[in-house]
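Asker: One file: model_27.cif (mmCIF, C-alpha atoms and all ligand atoms).
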```
data_protein
loop_
_atom_site.label_atom_id
_atom_site.label_comp_id
_atom_site.auth_asym_id
_atom_site.auth_seq_id
_atom_site.Cartn_x
_atom_site.Cartn_y
_atom_site.Cartn_z
CA MET A 1 -52.54 -3.75 -24.57
CA LEU A 2 -48.91 -4.44 -25.20
CA GLN A 3 -47.62 -4.25 -28.70
CA ILE A 4 -44.31 -5.16 -30.29
CA LYS A 5 -42.54 -2.12 -31.62
CA ASN A 6 -41.36 -2.05 -35.19
CA ARG A 7 -37.72 -3.07 -35.08
CA GLU A 8 -36.90 -2.62 -38.71
CA THR A 9 -36.86 1.14 -38.55
CA ALA A 10 -34.57 1.45 -35.58
CA LYS A 11 -32.00 -1.29 -35.55
CA LEU A 12 -28.25 -1.15 -35.19
CA SER A 13 -26.15 -2.41 -38.06
CA PRO A 14 -26.90 -6.06 -38.67
CA LEU A 15 -23.64 -6.33 -40.59
CA ILE A 16 -21.59 -5.66 -37.50
CA VAL A 17 -23.63 -8.18 -35.59
CA SER A 18 -23.38 -10.85 -38.24
CA ALA A 19 -19.64 -10.41 -38.31
CA LEU A 20 -19.52 -10.83 -34.56
CA LEU A 21 -21.73 -13.85 -34.52
CA ALA A 22 -19.68 -15.49 -37.22
CA THR A 23 -16.59 -15.51 -35.03
CA THR A 24 -15.64 -18.70 -33.30
CA LEU A 25 -15.70 -19.03 -29.59
CA THR A 26 -14.88 -20.80 -26.51
CA ALA A 27 -17.21 -22.62 -24.18
CA CYS A 28 -17.10 -25.20 -21.53
CA GLY A 29 -18.83 -27.97 -19.57
CA GLY A 30 -21.67 -29.52 -17.54
CA SER A 31 -23.93 -32.32 -16.43
CA SER A 32 -27.64 -32.57 -15.87
CA GLY A 33 -29.66 -32.94 -12.72
CA GLY A 34 -33.19 -32.93 -11.36
CA GLY A 35 -34.11 -30.72 -8.52
CA SER A 36 -35.56 -27.40 -7.57
CA GLU A 37 -36.67 -24.31 -9.40
CA GLN A 38 -35.69 -21.43 -7.22
CA SER A 39 -34.87 -17.78 -6.83
CA SER A 40 -32.54 -15.68 -4.76
CA SER A 41 -34.86 -16.04 -1.83
CA SER A 42 -35.31 -19.78 -1.33
CA SER A 43 -35.78 -23.11 -3.02
CA GLU A 44 -38.30 -25.88 -2.83
CA SER A 45 -39.30 -29.28 -4.25
CA SER A 46 -37.84 -31.79 -6.69
CA SER A 47 -38.69 -34.15 -9.55
CA SER A 48 -37.37 -35.16 -12.94
CA GLU A 49 -38.24 -35.65 -16.57
CA SER A 50 -36.34 -35.98 -19.80
CA SER A 51 -36.95 -35.19 -23.41
CA SER A 52 -36.77 -36.81 -26.82
CA SER A 53 -34.76 -36.26 -29.97
CA GLU A 54 -35.64 -35.73 -33.64
CA GLU A 55 -34.12 -34.26 -36.79
CA SER A 56 -34.64 -30.54 -37.30
CA SER A 57 -35.57 -29.14 -40.68
CA SER A 58 -33.69 -25.89 -40.17
CA SER A 59 -30.49 -25.64 -38.25
CA SER A 60 -27.32 -23.63 -38.42
CA SER A 61 -24.01 -25.44 -38.45
CA SER A 62 -22.31 -25.81 -35.06
CA GLU A 63 -18.69 -25.23 -34.31
CA ASP A 64 -17.11 -27.89 -32.15
CA ASN A 65 -13.82 -26.40 -31.18
CA THR A 66 -11.03 -28.58 -29.90
CA ASP A 67 -11.12 -26.91 -26.53
CA GLY A 68 -14.71 -28.02 -26.01
CA ALA A 69 -16.50 -24.96 -27.30
CA PHE A 70 -19.87 -25.10 -28.98
CA SER A 71 -21.26 -22.31 -31.05
CA ILE A 72 -23.53 -21.70 -33.98
CA ASP A 73 -23.60 -19.08 -36.67
CA PRO A 74 -27.29 -18.18 -36.63
CA ASP A 75 -29.02 -17.58 -39.92
CA PHE A 76 -31.91 -15.90 -38.09
CA GLN A 77 -32.71 -13.09 -35.72
CA LEU A 78 -34.43 -14.77 -32.80
CA TYR A 79 -36.98 -12.06 -32.08
CA ALA A 80 -38.04 -11.94 -35.72
CA LEU A 81 -39.26 -15.54 -35.42
CA ALA A 82 -41.81 -14.64 -32.75
CA ASP A 83 -45.00 -12.61 -32.59
CA PHE A 84 -44.45 -11.79 -28.91
CA PRO A 85 -41.65 -10.02 -27.01
CA VAL A 86 -38.41 -12.00 -26.87
CA GLY A 87 -36.49 -10.60 -23.96
CA VAL A 88 -33.15 -10.63 -22.20
CA ALA A 89 -32.20 -9.35 -18.76
CA VAL A 90 -29.27 -6.97 -18.91
CA SER A 91 -26.89 -5.20 -16.61
CA ALA A 92 -26.48 -1.48 -17.04
CA ALA A 93 -24.94 1.63 -15.46
CA GLY A 94 -21.75 0.66 -13.59
CA GLU A 95 -22.65 -3.00 -13.03
CA SER A 96 -20.42 -5.86 -14.10
CA TYR A 97 -21.35 -6.81 -17.66
CA SER A 98 -23.07 -3.45 -18.16
CA ILE A 99 -24.17 -3.05 -21.73
CA PHE A 100 -22.88 0.50 -21.47
CA ASN A 101 -19.64 0.17 -19.50
CA HIS A 102 -18.27 -3.34 -19.97
CA SER A 103 -15.20 -3.75 -22.15
CA ASP A 104 -17.33 -5.50 -24.78
CA ALA A 105 -20.32 -3.17 -24.36
CA THR A 106 -20.73 -2.36 -28.04
CA GLN A 107 -20.62 -6.01 -29.06
CA ARG A 108 -23.07 -6.86 -26.28
CA GLN A 109 -25.47 -4.21 -27.52
CA ASN A 110 -25.17 -5.54 -31.04
CA VAL A 111 -25.97 -9.12 -30.09
CA ILE A 112 -28.89 -7.94 -27.97
CA THR A 113 -30.42 -5.82 -30.70
CA GLU A 114 -29.85 -8.60 -33.21
CA HIS A 115 -31.77 -11.26 -31.30
CA PHE A 116 -34.09 -9.64 -28.77
CA SER A 117 -37.03 -7.28 -28.91
CA GLU A 118 -37.35 -6.56 -25.19
CA LEU A 119 -35.06 -5.77 -22.25
CA THR A 120 -35.48 -6.34 -18.54
CA ALA A 121 -33.11 -4.58 -16.17
CA GLY A 122 -31.50 -7.31 -14.08
CA ASN A 123 -31.19 -4.87 -11.20
CA ILE A 124 -31.24 -1.17 -11.95
CA MET A 125 -35.02 -0.74 -12.08
CA LYS A 126 -35.61 -2.31 -8.67
CA MET A 127 -37.13 -0.24 -5.90
CA SER A 128 -34.19 1.44 -4.19
CA TYR A 129 -32.46 2.18 -7.48
CA LEU A 130 -35.38 4.28 -8.63
CA HIS A 131 -36.77 5.60 -5.34
CA PRO A 132 -34.09 5.75 -2.64
CA GLN A 133 -35.81 8.40 -0.53
CA GLU A 134 -39.43 9.33 -0.12
CA ASP A 135 -39.15 12.56 -2.04
CA THR A 136 -36.33 11.50 -4.37
CA PHE A 137 -36.64 9.43 -7.52
CA THR A 138 -33.39 8.63 -9.38
CA PHE A 139 -34.08 7.74 -12.98
CA GLY A 140 -30.77 8.52 -14.69
CA ASP A 141 -29.44 4.98 -15.07
CA ALA A 142 -32.82 3.54 -15.97
CA ASP A 143 -33.42 6.31 -18.49
CA GLU A 144 -30.17 5.37 -20.21
CA LEU A 145 -31.38 1.78 -20.50
CA VAL A 146 -34.96 2.56 -21.48
CA GLY A 147 -33.68 5.17 -23.91
CA PHE A 148 -31.44 2.53 -25.50
CA ALA A 149 -34.44 0.25 -25.92
CA ASP A 150 -36.52 3.09 -27.31
CA THR A 151 -33.85 4.08 -29.83
CA ASN A 152 -33.58 0.50 -31.01
CA GLY A 153 -37.29 -0.12 -31.34
CA MET A 154 -37.40 -2.46 -28.34
CA THR A 155 -39.74 -2.60 -25.38
CA VAL A 156 -38.81 -2.89 -21.70
CA HIS A 157 -40.41 -5.15 -19.12
CA GLY A 158 -40.16 -3.23 -15.85
CA HIS A 159 -38.81 -5.21 -12.90
CA ALA A 160 -39.99 -4.72 -10.18
CA LEU A 161 -42.23 -2.16 -8.49
CA VAL A 162 -42.66 -4.07 -5.21
CA TRP A 163 -40.28 -6.78 -4.02
CA HIS A 164 -39.39 -7.72 -0.46
CA SER A 165 -35.81 -8.76 -1.06
CA GLY A 166 -32.81 -7.28 0.73
CA TYR A 167 -31.04 -4.06 0.00
CA GLN A 168 -33.28 -3.13 -2.86
CA VAL A 169 -36.11 -2.22 -0.45
CA PRO A 170 -35.71 1.55 0.04
CA GLY A 171 -34.57 2.30 3.58
CA PHE A 172 -37.22 4.96 4.07
CA MET A 173 -39.97 2.35 3.68
CA GLU A 174 -38.75 0.47 6.72
CA ASN A 175 -40.24 1.82 9.96
CA TYR A 176 -42.32 4.18 7.87
CA GLU A 177 -44.52 6.28 10.10
CA GLY A 178 -47.02 7.78 7.67
CA ASP A 179 -49.80 6.26 5.61
CA PHE A 180 -48.08 3.20 4.14
CA ALA A 181 -50.71 2.54 1.49
CA ALA A 182 -50.57 6.11 0.23
CA MET A 183 -46.78 5.99 0.19
CA LEU A 184 -46.71 2.69 -1.71
CA SER A 185 -49.23 4.00 -4.17
CA ASP A 186 -47.14 7.13 -4.78
CA HIS A 187 -44.08 4.92 -5.26
CA VAL A 188 -45.78 2.90 -7.98
CA LYS A 189 -47.35 5.89 -9.70
CA GLY A 190 -44.17 7.96 -9.58
CA ILE A 191 -42.20 5.26 -11.39
CA VAL A 192 -44.83 4.19 -13.90
CA ASN A 193 -45.72 7.78 -14.81
CA HIS A 194 -42.09 8.76 -15.30
CA PHE A 195 -41.39 6.18 -17.98
CA GLU A 196 -44.76 6.64 -19.59
CA SER A 197 -44.16 10.35 -20.01
CA GLU A 198 -40.47 10.15 -20.97
CA PHE A 199 -40.65 7.11 -23.28
CA PRO A 200 -44.31 6.55 -24.16
CA GLY A 201 -45.00 2.91 -24.91
CA THR A 202 -41.46 1.67 -24.33
CA VAL A 203 -41.90 0.26 -20.82
CA ALA A 204 -44.75 -1.93 -21.97
CA SER A 205 -45.24 -4.04 -18.84
CA TRP A 206 -44.24 -4.26 -15.20
CA ASP A 207 -43.75 -6.89 -12.56
CA VAL A 208 -45.93 -4.94 -10.17
CA VAL A 209 -45.32 -7.36 -7.30
CA ASN A 210 -42.58 -9.97 -7.23
CA GLU A 211 -42.36 -13.09 -5.03
CA ALA A 212 -45.21 -12.59 -2.56
CA VAL A 213 -45.61 -16.34 -2.04
CA ASP A 214 -43.78 -18.17 0.73
CA GLN A 215 -44.83 -21.57 1.99
CA GLY A 216 -43.28 -20.74 5.35
CA GLY A 217 -45.20 -17.48 5.60
CA GLU A 218 -48.65 -16.68 6.91
CA ASN A 219 -51.25 -18.66 4.96
CA GLY A 220 -48.64 -19.11 2.27
CA PHE A 221 -47.94 -15.41 1.89
CA ARG A 222 -44.48 -14.01 2.53
CA GLN A 223 -44.37 -12.00 5.73
CA SER A 224 -42.41 -9.15 4.24
CA LEU A 225 -42.31 -5.54 5.30
CA PHE A 226 -45.15 -4.92 2.85
CA TYR A 227 -47.24 -7.77 4.19
CA ASN A 228 -46.74 -6.65 7.77
CA GLU A 229 -47.80 -3.11 6.92
CA LEU A 230 -50.73 -4.09 4.71
CA PRO A 231 -51.86 -7.68 5.41
CA PRO A 232 -55.06 -9.20 4.02
CA ALA A 233 -58.00 -6.92 4.80
CA SER A 234 -60.08 -9.93 5.80
CA GLU A 235 -59.54 -13.65 6.17
CA GLY A 236 -59.13 -15.42 2.86
CA ASP A 237 -58.27 -12.22 1.04
CA ILE A 238 -54.96 -11.55 -0.71
CA PRO A 239 -52.56 -9.19 1.07
CA GLU A 240 -53.72 -5.62 0.81
CA TYR A 241 -50.33 -4.31 -0.33
CA ILE A 242 -50.63 -6.36 -3.51
CA ARG A 243 -53.99 -4.84 -4.26
CA VAL A 244 -52.76 -1.33 -3.46
CA ALA A 245 -49.76 -1.68 -5.78
CA PHE A 246 -51.77 -3.03 -8.71
CA GLN A 247 -54.54 -0.49 -8.20
CA ALA A 248 -51.99 2.33 -8.26
CA ALA A 249 -50.42 1.01 -11.45
CA ARG A 250 -53.85 0.68 -13.07
CA ASP A 251 -54.87 4.13 -11.92
CA THR A 252 -52.03 5.70 -13.88
CA GLY A 253 -54.01 4.90 -17.01
CA ALA A 254 -50.78 3.84 -18.71
CA GLU A 255 -51.14 1.37 -21.57
CA ILE A 256 -49.07 -1.25 -19.82
CA ASP A 257 -49.52 -4.88 -18.87
CA LEU A 258 -49.47 -5.58 -15.15
CA TYR A 259 -47.88 -8.84 -14.00
CA TYR A 260 -47.65 -10.78 -10.79
CA ASN A 261 -44.27 -12.58 -10.95
CA ASP A 262 -42.92 -15.48 -8.90
CA TYR A 263 -40.55 -18.46 -8.91
CA ASP A 264 -41.00 -22.19 -8.42
CA ASN A 265 -44.63 -21.92 -9.47
CA THR A 266 -44.71 -24.56 -12.18
CA ALA A 267 -43.94 -27.92 -10.52
CA ASN A 268 -44.70 -26.84 -6.99
CA ASP A 269 -48.47 -27.19 -6.70
CA VAL A 270 -48.73 -25.28 -3.47
CA ARG A 271 -46.81 -22.30 -4.81
CA LEU A 272 -48.75 -22.43 -8.08
CA ALA A 273 -52.05 -22.44 -6.20
CA LYS A 274 -50.97 -19.42 -4.20
CA THR A 275 -49.85 -17.63 -7.36
CA LEU A 276 -53.26 -18.30 -8.88
CA GLU A 277 -55.00 -17.12 -5.72
CA ILE A 278 -53.22 -13.80 -6.09
CA ALA A 279 -54.11 -13.63 -9.78
CA ASP A 280 -57.76 -14.42 -9.05
CA GLY A 281 -57.94 -11.84 -6.28
CA LEU A 282 -56.58 -9.17 -8.60
CA ALA A 283 -58.65 -10.26 -11.59
CA GLU A 284 -61.85 -9.57 -9.65
CA GLY A 285 -61.06 -5.88 -9.91
CA ASP A 286 -59.53 -6.18 -13.39
CA LEU A 287 -56.21 -5.20 -11.87
CA ILE A 288 -53.95 -7.79 -13.49
CA ASP A 289 -53.05 -8.65 -17.09
CA GLY A 290 -50.75 -11.60 -16.67
CA VAL A 291 -48.69 -13.97 -14.57
CA GLY A 292 -44.91 -14.12 -14.80
CA PHE A 293 -43.17 -17.44 -14.41
CA GLN A 294 -39.52 -16.82 -13.58
CA MET A 295 -38.42 -20.33 -14.59
CA HIS A 296 -34.93 -20.71 -13.16
CA VAL A 297 -35.00 -24.36 -14.15
CA TYR A 298 -32.83 -27.42 -14.80
CA MET A 299 -32.27 -29.95 -17.52
CA THR A 300 -34.94 -32.37 -16.37
CA TYR A 301 -36.85 -30.47 -13.69
CA PRO A 302 -39.57 -29.26 -13.77
CA SER A 303 -41.17 -31.55 -16.32
CA LEU A 304 -42.69 -30.30 -19.54
CA ASN A 305 -46.06 -31.37 -18.15
CA ASP A 306 -45.49 -29.12 -15.16
CA PHE A 307 -44.90 -26.15 -17.44
CA GLU A 308 -47.93 -26.99 -19.52
CA ASN A 309 -50.21 -27.37 -16.50
CA ALA A 310 -49.08 -24.12 -14.94
CA PHE A 311 -49.38 -22.12 -18.17
CA GLN A 312 -52.79 -23.66 -18.82
CA GLU A 313 -54.11 -22.51 -15.45
CA VAL A 314 -53.29 -18.94 -16.37
CA VAL A 315 -54.60 -19.26 -19.91
CA ASP A 316 -57.87 -20.64 -18.52
CA ARG A 317 -58.25 -17.40 -16.61
CA GLY A 318 -57.81 -15.33 -19.76
CA LEU A 319 -54.56 -13.85 -18.43
CA LYS A 320 -51.26 -13.50 -20.24
CA VAL A 321 -48.39 -15.88 -19.57
CA LYS A 322 -44.89 -14.45 -19.53
CA VAL A 323 -41.70 -16.43 -19.06
CA THR A 324 -39.80 -13.71 -17.25
CA GLU A 325 -36.41 -15.03 -16.11
CA LEU A 326 -35.59 -18.26 -17.92
CA ASP A 327 -32.26 -19.97 -17.40
CA VAL A 328 -31.44 -23.67 -17.64
CA ALA A 329 -28.54 -24.66 -15.40
CA VAL A 330 -26.87 -27.84 -16.65
CA VAL A 331 -26.41 -29.06 -13.10
CA ASN A 332 -28.75 -29.10 -10.14
CA PRO A 333 -26.75 -28.79 -6.94
CA TYR A 334 -29.79 -29.19 -4.71
CA GLY A 335 -30.30 -32.87 -5.43
CA GLY A 336 -27.38 -34.06 -3.28
CA ASN A 337 -25.79 -36.04 -6.10
CA ALA A 338 -24.37 -33.23 -8.21
CA PRO A 339 -20.81 -33.75 -9.46
CA ASP A 340 -18.02 -31.64 -7.97
CA GLU A 341 -16.71 -30.77 -11.39
CA LEU A 342 -18.56 -30.18 -14.62
CA GLU A 343 -17.68 -30.72 -18.23
CA TYR A 344 -19.82 -29.09 -20.87
CA ASP A 345 -19.44 -31.65 -23.62
CA ALA A 346 -21.17 -31.95 -26.98
CA ALA A 347 -23.85 -34.28 -25.66
CA LEU A 348 -24.75 -31.87 -22.91
CA ALA A 349 -24.76 -28.85 -25.20
CA GLY A 350 -27.14 -30.80 -27.45
CA GLU A 351 -29.40 -31.82 -24.58
CA GLN A 352 -29.55 -28.23 -23.43
CA LYS A 353 -30.47 -27.11 -26.94
CA GLN A 354 -33.33 -29.58 -26.86
CA ARG A 355 -34.40 -28.49 -23.38
CA PHE A 356 -34.63 -24.84 -24.42
CA CYS A 357 -36.52 -25.93 -27.52
CA ASP A 358 -38.97 -28.06 -25.55
CA ILE A 359 -39.68 -25.27 -23.09
CA ALA A 360 -40.32 -22.77 -25.89
CA ARG A 361 -42.43 -25.35 -27.72
CA VAL A 362 -44.63 -25.99 -24.67
CA TYR A 363 -45.05 -22.24 -24.28
CA LEU A 364 -46.22 -21.90 -27.87
CA GLU A 365 -48.42 -24.97 -27.78
CA THR A 366 -50.12 -24.04 -24.51
CA VAL A 367 -50.46 -20.29 -24.71
CA PRO A 368 -52.57 -18.87 -27.55
CA ALA A 369 -51.04 -15.99 -29.47
CA GLU A 370 -53.15 -13.29 -27.83
CA LEU A 371 -52.03 -14.37 -24.34
CA ARG A 372 -48.31 -14.64 -25.06
CA GLY A 373 -46.76 -11.98 -22.86
CA GLY A 374 -43.22 -12.84 -23.81
CA PHE A 375 -40.27 -15.15 -23.43
CA THR A 376 -37.26 -13.73 -21.57
CA VAL A 377 -33.90 -15.19 -20.59
CA TRP A 378 -32.16 -14.02 -17.41
CA GLY A 379 -28.90 -12.73 -18.83
CA LEU A 380 -27.06 -12.78 -22.14
CA THR A 381 -23.83 -14.73 -21.63
CA ASP A 382 -23.19 -17.77 -19.46
CA ASP A 383 -20.44 -16.08 -17.47
CA GLU A 384 -22.69 -13.27 -16.25
CA SER A 385 -25.34 -15.56 -14.76
CA TRP A 386 -26.39 -15.05 -11.15
CA LEU A 387 -26.50 -18.83 -10.67
CA MET A 388 -22.86 -19.49 -9.81
CA ASN A 389 -23.11 -17.14 -6.82
CA GLN A 390 -26.49 -18.54 -5.92
CA PHE A 391 -25.31 -22.14 -5.93
CA ARG A 392 -22.17 -21.27 -3.98
CA ASN A 393 -24.12 -19.39 -1.34
CA ALA A 394 -26.95 -21.91 -1.08
CA THR A 395 -25.13 -25.22 -1.34
CA GLY A 396 -21.39 -24.54 -1.26
CA ALA A 397 -21.10 -25.92 -4.81
CA ASP A 398 -18.30 -23.95 -6.41
CA TYR A 399 -18.83 -24.09 -10.16
CA ASP A 400 -17.02 -21.67 -12.46
CA ASP A 401 -19.91 -21.98 -14.87
CA VAL A 402 -23.25 -23.76 -15.13
CA TRP A 403 -23.87 -22.71 -18.77
CA PRO A 404 -27.50 -21.62 -18.28
CA LEU A 405 -28.01 -19.13 -21.11
CA LEU A 406 -28.07 -18.76 -24.90
CA PHE A 407 -24.67 -17.16 -25.55
CA ASN A 408 -21.12 -18.10 -24.69
CA ALA A 409 -18.87 -15.81 -22.71
CA ASP A 410 -17.33 -14.48 -25.93
CA LEU A 411 -20.82 -13.54 -27.18
CA SER A 412 -21.02 -16.31 -29.75
CA ALA A 413 -24.36 -18.06 -29.98
CA LYS A 414 -24.83 -21.47 -28.38
CA PRO A 415 -26.75 -24.40 -29.85
CA ALA A 416 -29.35 -23.52 -27.20
CA LEU A 417 -30.22 -20.42 -29.25
CA GLN A 418 -30.92 -22.70 -32.19
CA GLY A 419 -33.16 -24.74 -29.90
CA VAL A 420 -35.35 -21.75 -29.11
CA ALA A 421 -35.36 -20.76 -32.77
CA ASP A 422 -36.45 -24.26 -33.77
CA ALA A 423 -39.44 -24.04 -31.45
CA PHE A 424 -40.33 -20.55 -32.63
CA GLN A 425 -40.20 -21.79 -36.23
CA GLY A 426 -42.36 -24.81 -35.46
CA ASN A 427 -39.54 -27.28 -36.10
CA ALA A 428 -39.16 -30.48 -34.13
CA CYS A 429 -36.87 -30.24 -31.13
CA ASN A 430 -33.66 -32.22 -31.29
CA SER A 431 -30.28 -32.49 -29.62
CA ASP A 432 -28.19 -32.37 -32.79
CA ILE A 433 -25.37 -29.86 -32.76
O1 LIG A 501 -29.86 -11.46 -11.11
C1 LIG A 501 -30.10 -10.60 -10.01
C2 LIG A 501 -28.85 -10.48 -9.18
O2 LIG A 501 -27.83 -9.81 -9.92
C3 LIG A 501 -29.14 -9.70 -7.90
O3 LIG A 501 -28.01 -9.74 -7.05
C4 LIG A 501 -30.34 -10.30 -7.17
C5 LIG A 501 -30.74 -9.48 -5.96
O4 LIG A 501 -31.24 -8.23 -6.33
O5 LIG A 501 -31.45 -10.37 -8.03
C6 LIG A 501 -31.21 -11.18 -9.16
O6 LIG A 501 -32.39 -11.24 -9.94
C7 LIG A 501 -33.49 -11.87 -9.31
C8 LIG A 501 -34.73 -11.18 -9.77
O7 LIG A 501 -34.65 -9.81 -9.48
C9 LIG A 501 -35.97 -11.79 -9.14
N1 LIG A 501 -36.05 -13.20 -9.37
C10 LIG A 501 -34.84 -13.94 -9.02
C11 LIG A 501 -33.63 -13.34 -9.73
C12 LIG A 501 -32.39 -14.14 -9.45
O8 LIG A 501 -32.08 -14.05 -8.08
#
```
Hey, can you dump this file as C-alpha cells for me?
Answerer:
Amino acid sequence: MLQIKNRETAKLSPLIVSALLATTLTACGGSSGGGSEQSSSSSESSSSESSSSEESSSSSSSEDNTDGAFSIDPDFQLYALADFPVGVAVSAAGESYSIFNHSDATQRQNVITEHFSELTAGNIMKMSYLHPQEDTFTFGDADELVGFADTNGMTVHGHALVWHSGYQVPGFMENYEGDFAAMLSDHVKGIVNHFESEFPGTVASWDVVNEAVDQGGENGFRQSLFYNELPPASEGDIPEYIRVAFQAARDTGAEIDLYYNDYDNTANDVRLAKTLEIADGLAEGDLIDGVGFQMHVYMTYPSLNDFENAFQEVVDRGLKVKVTELDVAVVNPYGGNAPDELEYDAALAGEQKQRFCDIARVYLETVPAELRGGFTVWGLTDDESWLMNQFRNATGADYDDVWPLLFNADLSAKPALQGVADAFQGNACNSDI
C-alpha cells in the first residue's frame, strides 16, 4: 500500500547540504554496555552480544579532530540507498530542536532532506496535540510538518493515534461519560481523514496503537485508560480498544499502512509473544499491515539473533516490519556497572558504526523487500536525544550525552551514518573510521 514518493522532483538544494556536511565538527565520548531495551514507560530484561569487524568496500573518510570529534563527509544520500522509507523523528512547532524554530532550523531541514525520505513527529502528532477536546482538532503544527514533508517529496509515519502515556492523553477522554468506543473511533477517523484529505498520500502509515503490552498488566496487557474502558470482549481476546482503533483507521479507506508499535519486543520473549498476539488478533480481520519495533537499544543488547528472530516472526505472518524509533546508546545504565563518566573515543565511534550497520544488515537480510516498512532513527543529532533525560530519571545516571544517533550536535555526519549506508549498499560491516 505504501509507496516511496519521488524525491528527485522536490528536493531542497543538495549543494547547500553538501557544503554543510563537508564542515568539520565536534563530538564526544562513550562506553558500551549490555542491558535493557526500553521506552519512556518502563524497562525490562538484559543480555549481551558483540559484533565482528571487516574491511568495507565503500567508505567516506572520517575526520578525527583533536578534541575527540568524529565525522564523515558522506558521498551518498542515505535514503537513496534504500528501497523503503528511511526515516527520522523530528521536533517541530515551538519544541526544542524544532526544524522550524531552532537557531539552526534551515541547516537541520537540509540535512534531513538530504538523507531521509520519511519523517515521524517526535511529539506533535500525539493524541492531545491533535485532539485536545472532543469537538476540537488542532492540526496547525502538524500541518506545517506534514506540509514540509509533502513539499520535499517525503512521507510521514504518523505517531500515534492511541497511546496511554501521560499528558498526551487528551483530558476529555478521562472520565468520559459517553460511548467510549464511538468516541475513540471518531478520534482515529478525524485525524486520519484530515491528513488524507489535506495531503493525500503523504502520511503513508500510522502507529495506530502504541505500547499496549505490559508484563505487569492484566494478562500481559497494559491496564491503561483505554484498556479499562474497552477490555478484551472475551477471555483470550485482545483488548477491544485496539480492535476499535484499527477498525476505525481501516474504515477510513485511506491508503495507509496500519502498525502496532511497541518497545522491548525483540529480546524479551514475553513481550514479543504479546506483540504477536495483538498482531494475530488484528490480522484475523485484516486490520493490520505491520509491526513496529521501536528499538531503543544498546551496543551489545539485544543480540543480532534477537532482532532476526523477532523480525522473522512478523515476516512469517506476512506483515511488514518497521524499525520505528532506533537509537543506540553507547552506555547502558541499567546494568549496574555503567561508568560514571563517558568518553566517546575513536574505538567506540567505530564500534557504534558497526552496530548500526549490523542492525541494518539484519533488517535487510531478514525482511524481504515487499515487507520492509521502513527504518527510522529517533532524532537527528545526539544532543537532542530523549535518552539523557530518560537515564537521569530512571537511574540517576547524569550523562551529558550518550551519542545514540547518526549526526553530531553540529549536524555533521557520524561514522554511524556510514555504517547504515554500508548495510544498505550490501557492504560488509566494519568498525573502521
Ligand atoms: O522522544 C519523546 C519525548 O520527547 C517525549 O517527552 C516522550 C513523551 O511523550 O515521548 C518520547 O517519544 C517516545 C515515543 O513517543 C514512544 N516510544 C518511546 C519514545 C521515547 O520515550
Asker: Between chain A and ligand LIG 501 (chain A), at 8 Å or less, what are the per-residue closest atom pairs and their distances in Å? Count only C-alpha atoms and all ligand atoms, order by chain and rising residue number, and return it as a Markdown table.
Answerer:
```
| residue | atom | partner | partner_atom | distance |
| --- | --- | --- | --- | --- |
| A:Gln38 | CA | A:LIG501 | C10 | 7.8 |
| A:Ser39 | CA | A:LIG501 | C10 | 4.4 |
| A:Ser40 | CA | A:LIG501 | O8 | 3.7 |
| A:Ser41 | CA | A:LIG501 | O8 | 7.1 |
| A:Gly122 | CA | A:LIG501 | O1 | 5.4 |
| A:Asn123 | CA | A:LIG501 | O4 | 5.9 |
| A:Lys126 | CA | A:LIG501 | O7 | 7.6 |
| A:His159 | CA | A:LIG501 | O7 | 7.1 |
| A:Ala160 | CA | A:LIG501 | O7 | 7.4 |
| A:Ser165 | CA | A:LIG501 | O4 | 7.0 |
| A:Gly166 | CA | A:LIG501 | O4 | 7.3 |
| A:Tyr167 | CA | A:LIG501 | O4 | 7.6 |
| A:Gln168 | CA | A:LIG501 | O4 | 6.5 |
| A:Asn210 | CA | A:LIG501 | C9 | 7.1 |
| A:Glu211 | CA | A:LIG501 | N1 | 7.7 |
| A:Asp262 | CA | A:LIG501 | N1 | 7.3 |
| A:Tyr263 | CA | A:LIG501 | N1 | 6.9 |
| A:Gln294 | CA | A:LIG501 | N1 | 6.5 |
| A:His296 | CA | A:LIG501 | C10 | 7.9 |
| A:Glu325 | CA | A:LIG501 | N1 | 7.0 |
| A:Trp378 | CA | A:LIG501 | O1 | 7.2 |
| A:Gly379 | CA | A:LIG501 | O1 | 7.9 |
| A:Ser385 | CA | A:LIG501 | O1 | 7.1 |
| A:Trp386 | CA | A:LIG501 | O1 | 5.0 |
| A:Leu387 | CA | A:LIG501 | C12 | 7.6 |
| A:Gln390 | CA | A:LIG501 | O8 | 7.5 |
```
Asker: Write out as a VMD selection string the residues lying within 9 Å of Ala347 (chain A), counting all atoms listed in the file and excluding same-chain residues fewer than 5 positions away.
Answerer: chain A and resid 352 431 to 433
Asker: What does the structure give for the distance between CA of Leu326 (chain A) and CA of Leu342 (chain A), in Å to one decimal?
Answerer: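 For CA of Leu326 (chain A) relative to CA of Leu342 (chain A), the distance reads 21.0 Å.
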Asker: Tell me, as a list of chain:residue names, which residues lie within 9 Å of Gln109 (chain A), counting only C-alpha atoms; anything in the same chain fewer than 5 positions away does not count.
Answerer: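 Non-adjacent residues within range: A:Leu12, A:Ile99, A:Phe100, A:Asp104, A:Glu114.
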Asker: So which one's closest to Phe195 (chain A), A:Asn393, A:Asn175, A:Thr138, A:Gln223? Using only C-alpha atoms, please.
Answerer: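 So, comparing all the options, the nearest one is A:Thr138.
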Asker: Excluding same-chain residues fewer than 3 positions from Ala204 (chain A), what lies within 8 Å of it counting only C-alpha atoms, as number ranges by chain?
Answerer: A: 2-3, 155-158, 201, 255-257
Asker: Which of these, A:Val321, A:Gly335, A:Asp286, A:Val111, has the shortest distance to Thr395 (chain A) once you count only C-alpha atoms?
Answerer: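 Ranked by minimum distance to Thr395 (chain A), first place goes to A:Gly335.
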Asker: Skipping near chain neighbours, those fewer than 6 positions away, what residues fall within 9 Å of Ala360 (chain A) using only C-alpha atoms, listed as a VMD selection string?
Answerer: chain A and resid 375 419 to 424
Asker: I'd like the neighbourhood of Ala245 (chain A) as a PyMOL selection string, where a residue qualifies if any of its atoms comes within 10 Å (using all atoms listed in the file), though same-chain residues fewer than 3 positions away should be ignored.
Answerer: chain A and resi 161-162+181-182+184-189+208-209+240-242+248-251+287
Asker: Of the residues A:Gly190, A:Gly171, A:Gly292, A:Gly253, which is the one nearest to Thr376 (chain A), using all atoms listed in the file?
Answerer: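 Of A:Gly190, A:Gly171, A:Gly292, A:Gly253, the one nearest Thr376 (chain A), counting all atoms listed in the file, is A:Gly292.
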